[in-house]
Amino acid sequence: MSQQYPQPPHPQQPHYGAPAPQPPKKHGIGRIAGLGCAGVLALFIIAAVVAGGGGDSGDTSNKDRAVAADGEPGDDSPKKAGTAEDKSQAEQFRSCVAENGTDTEKAAVEHVTKVTGADKRNDILDAAEVFTDFSGGLMGPHQGEGKLIASAFTSCYESKNGLVTVYDKDGELLANANY
């Protein structure tokens, strides 16, 4: 028979200076869950701040002042007396075309009811919209006038990377052009 010798519980290793490293401590599930919830909460706070936009109430630009122009199409009477800041974007566009446009452009611009995005340009991605009282869309009878309005807009406004889109009264595309 063979004899069994008792073995020591841990094998002895020689100590050469520093003690053996301790195994890493186990983190509790509660701690991991708490850090995960804190991360999600921080994400929601950051998203809320970005969506809020900082609340710059001191902005007095005409960006959101896209109101319909006064008067009927074809009315040649002066719309408003005052500086360019007092006029709506549609009135500013009309007065620019009245000074610099051709006769056909002037006739087409009389049908403009609203202009948005023409007052703020950053030369990165400028998108202006011109609304008219025409009907029929891109394939309708007023496609030519839409192109004239887009052309007149490019004569009045400059941007390195701008796009003007002309719409009819139903919101359908009439024309667009780079400006």
# chains A, B, ... in the order shown; residues from 1 in each chain; ligands from 1
$ residues_around --residues "Thr154 (chain A)" --least-positions-apart "3" --cutoff "10 Å" --atoms "only C-alpha atoms" --output "count of residues only"
13
$ closest_residue --among "A:Leu174, A:Val115, A:Ala108, A:Ile29" --to "Ser135 (chain A)" --atoms "only C-alpha atoms"
A:Leu174
$ residues_around --residues "Ala128 (chain A)" --least-positions-apart "5" --cutoff "6 Å" --atoms "only C-alpha atoms" --output "number ranges by chain"
A: 116-118, 164
$ atom_distance --atom1 "CA of Asn161 (chain A)" --atom2 "CA of His111 (chain A)"
26.0 Å
$ closest_residue --among "A:Ser155, A:Gly144, A:Lys25, A:Leu125" --to "Asn100 (chain A)" --atoms "only C-alpha atoms"
A:Ser155
$ atom_distance --atom1 "CA of Val112 (chain A)" --atom2 "CA of Asp126 (chain A)"
19.5 Å
$ atom_distance --atom1 "CA of Ile45 (chain A)" --atom2 "CA of Ala33 (chain A)"
18.5 Å
$ residues_around --residues "Lys106 (chain A)" --least-positions-apart "3" --cutoff "9 Å" --atoms "only C-alpha atoms" --output "ChimeraX atom specification"
/A:94,97-98,101-103,109-110,149,152
$ residues_around --residues "Lys169 (chain A)" --least-positions-apart "5" --cutoff "6 Å" --atoms "only C-alpha atoms" --output "list in words"
Thr132, Asp133, Phe134 and Ser135 of chain A
$ write_last_selection --atoms "N, CA and C atoms" --output "PDB file, in the first residue's frame"
ATOM      1  N   THR A 132     -45.040  82.062 -52.657  1.00  0.00           N
ATOM      2  CA  THR A 132     -45.771  82.876 -53.630  1.00  0.00           C
ATOM      3  C   THR A 132     -47.254  82.546 -53.579  1.00  0.00           C
ATOM      4  N   ASP A 133     -48.044  83.300 -54.354  1.00  0.00           N
ATOM      5  CA  ASP A 133     -49.467  83.005 -54.474  1.00  0.00           C
ATOM      6  C   ASP A 133     -49.779  82.235 -55.758  1.00  0.00           C
ATOM      7  N   PHE A 134     -48.736  81.693 -56.408  1.00  0.00           N
ATOM      8  CA  PHE A 134     -48.948  80.865 -57.594  1.00  0.00           C
ATOM      9  C   PHE A 134     -49.497  79.504 -57.184  1.00  0.00           C
ATOM     10  N   SER A 135     -49.966  78.739 -58.186  1.00  0.00           N
ATOM     11  CA  SER A 135     -50.421  77.370 -57.927  1.00  0.00           C
ATOM     12  C   SER A 135     -49.919  76.473 -59.054  1.00  0.00           C
TER      13      SER A 135
END
